[in-house]
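The structure under discussion appears below in the form of structure tokens.
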Amino acid sequence: SVESDHFFDCLDDIEFGFDKKEDSANDVTNSNRDEQVAIYSRRKIVYPDGAPALVPAGESISKIPAGYLEFYSNNRSKALSRYQLTQQWRKDEKIYSIHCRPHTWFPKLKEAYEHFIHGFTPDGMPVIYEAPG
């Protein structure tokens, strides 16, 4: 078994320093990003060039998500305004890298849930057994 004091979902990013572009600017009006679709890579939401994305994976800045349009009764102006506020919040909170940050409660969870890492899958994901106590 392998012991770890890190939240396992981000161990490779923490150990190998993949968090270098955290402060890159991704302005909502940046024309280079308008059509690019964000992807989930190395436990981060990024653009294909690796820069942090302000939108969820599978979305782009230029397209207002259907949920926003539906919520605002297809009022594109209101939906766009809220979408831009959401993107700013995602930038301020660095949401794109949320899976790469140590979880503040992880040590307490480890105490409450006995577990061990048995090994790794062929694609490198940990196989974890736990016994809640």
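Every chain in the structure tokens takes a letter, A first, then B, and so on in the order presented; its residues are numbered from 1, and the ligands are numbered from 1 following the presented order.
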Subject >> Long-range neighbours of A:Ala66 as an MDAnalysis selection string, 12 Å cut-off, only C-alpha atoms, 3 positions minimum in chain >> reply: chainID A and resid 59 63 69:76 79:80 83
Original post:
Please, what distance in Å, to one decimal, runs between atom CA of A:Ile128 and atom CA of A:Phe116?
Top reply: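 Between atom CA of A:Ile128 and atom CA of A:Phe116 the gap works out to 5.8 Å.
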Could you pull out all residues of stretch 25-69 of chain A with a DSSP call of helix (DSSP H, G or I) and give them as a PDB file with C-alpha atoms, in the first residue's frame?
```
ATOM      1  CA  ALA A  66     -28.065  26.807 -22.757  1.00  0.00           C
ATOM      2  CA  GLY A  67     -28.703  26.817 -18.997  1.00  0.00           C
ATOM      3  CA  TYR A  68     -28.110  30.564 -18.795  1.00  0.00           C
ATOM      4  CA  LEU A  69     -30.436  31.247 -21.723  1.00  0.00           C
TER       5      LEU A  69
END
```
Subject >> Residues near A:Pro126, cut-off 8 Å, only C-alpha atoms, skip fewer than 3 positions along chain, as a ChimeraX atom specification >> reply: /A:8,117-121
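If only C-alpha atoms are the atoms counted, then among A:Glu35, A:Glu93, A:Glu114, A:Glu130 the closest residue to A:Gly58 is A:Glu35.
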**OP:** Pick out the closest residue to A:Ile45 from this set: A:His115, A:Arg33, A:Lys94, A:Arg82. Count only C-alpha atoms.
**Re:**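 The shortest atom-to-atom distance to A:Ile45 comes from A:Lys94.
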Subject >> Distance of atom CA of A:Ala38 from atom CA of A:Ala51, expressed in Å to one decimal place >> reply: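 Computing the Euclidean distance for atom CA of A:Ala51 and atom CA of A:Ala38 yields 9.5 Å.
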Subject >> Spatial neighbours of A:Ser60, 10 Å, only C-alpha atoms, chain gap at least 3 places, as a PyMOL selection string >> reply: chain A and resi 33-39+47+53-57+63-65
Original post:
By how many Å are atom CA of A:Arg90 and atom CA of A:Val46 apart?
Top reply: 12.3 Å
